[in-house]
Amino acid sequence: MSSQAARRFVASFKARYGEDAPVTACAEAAYFQVHLAMRAVAKCGSDDPEQVLGNMRDFEFDAPQGRVRVDPENNHTYLWPRIARVDGMGRFQIVWNPGVRVKPDPYCVVQSLDDWSVDEQQLIRS
């Protein structure tokens, strides 16, 4: 990704962890989550988890993947899905980008923890 936010994040990450350190989705998630949390702490003037969470819902952040925000219904972030192909140099080349963020749906599709069977036709219909 070639956004200014992505270039800045990768450069800072490589400077801290070395040129060979892999930049992962987990690293990017930790990066933007800390920024969202610290903005919320600054706004509410407290590190009380309930106050911070309530204020995190008020911000968007220009993350390397694009602008992210917390969904007030489930406290997960809207993200930007992409499909990529790895080239011969081990770099990801994006081959599909819908250009929109996706509402988070973090919960299992099964109704009971005792039933982990999957009804393929039901998944296709949903």
# chains A, B, ... in the order shown; residues from 1 in each chain; ligands from 1
$ residues_around --residues "Asp58 of chain A" --least-positions-apart "2" --cutoff "12 Å" --atoms "only C-alpha atoms" --output "number ranges by chain"
A: 36-37, 39-41, 43-44, 51-56, 60-61, 68-72, 75
$ select_by_dssp --residues "segment 53-101 of chain A" --states "helix (DSSP H, G or I)" --output "list of chain:residue names"
A:Leu53, A:Gly54, A:Asn55, A:Met56
$ select_by_dssp --residues "segment 4-76 of chain A" --states "strand (DSSP E or B)" --output "PyMOL selection string"
chain A and resi 60-63+66-70
$ write_last_selection --atoms "N, CA and C atoms" --output "PDB file, in the first residue's frame"
ATOM      1  N   GLU A  60     -11.756   8.534  14.329  1.00  0.00           N
ATOM      2  CA  GLU A  60     -11.251   7.737  13.220  1.00  0.00           C
ATOM      3  C   GLU A  60      -9.747   7.972  13.208  1.00  0.00           C
ATOM      4  N   PHE A  61      -9.017   7.007  12.667  1.00  0.00           N
ATOM      5  CA  PHE A  61      -7.563   7.142  12.601  1.00  0.00           C
ATOM      6  C   PHE A  61      -7.097   6.759  11.210  1.00  0.00           C
ATOM      7  N   ASP A  62      -6.164   7.544  10.680  1.00  0.00           N
ATOM      8  CA  ASP A  62      -5.599   7.283   9.362  1.00  0.00           C
ATOM      9  C   ASP A  62      -4.535   6.194   9.502  1.00  0.00           C
ATOM     10  N   ALA A  63      -4.992   4.952   9.546  1.00  0.00           N
ATOM     11  CA  ALA A  63      -4.104   3.795   9.702  1.00  0.00           C
ATOM     12  C   ALA A  63      -3.430   3.473   8.367  1.00  0.00           C
ATOM     13  N   GLY A  66      -5.918   2.419   5.798  1.00  0.00           N
ATOM     14  CA  GLY A  66      -6.974   3.384   5.492  1.00  0.00           C
ATOM     15  C   GLY A  66      -7.597   3.853   6.795  1.00  0.00           C
ATOM     16  N   ARG A  67      -8.586   4.723   6.708  1.00  0.00           N
ATOM     17  CA  ARG A  67      -9.215   5.247   7.926  1.00  0.00           C
ATOM     18  C   ARG A  67     -10.008   4.154   8.622  1.00  0.00           C
ATOM     19  N   VAL A  68      -9.728   3.978   9.913  1.00  0.00           N
ATOM     20  CA  VAL A  68     -10.409   2.963  10.716  1.00  0.00           C
ATOM     21  C   VAL A  68     -11.184   3.655  11.829  1.00  0.00           C
ATOM     22  N   ARG A  69     -12.221   2.960  12.284  1.00  0.00           N
ATOM     23  CA  ARG A  69     -12.992   3.461  13.422  1.00  0.00           C
ATOM     24  C   ARG A  69     -13.606   2.290  14.155  1.00  0.00           C
ATOM     25  N   VAL A  70     -13.978   2.533  15.405  1.00  0.00           N
ATOM     26  CA  VAL A  70     -14.570   1.505  16.255  1.00  0.00           C
ATOM     27  C   VAL A  70     -16.084   1.506  16.048  1.00  0.00           C
TER      28      VAL A  70
END
$ residues_around --residues "segment 20-30 of chain A" --least-positions-apart "2" --cutoff "9 Å" --atoms "only C-alpha atoms" --output "number ranges by chain"
A: 9-10, 13-14, 17-18, 32-35, 63-65
$ atom_distance --atom1 "atom CA of Thr77 of chain A" --atom2 "atom CA of Ser46 of chain A"
21.9 Å
$ atom_distance --atom1 "atom CA of Pro106 of chain A" --atom2 "atom CA of Tyr78 of chain A"
10.7 Å
$ atom_distance --atom1 "atom CA of Gly99 of chain A" --atom2 "atom CA of Trp80 of chain A"
7.4 Å
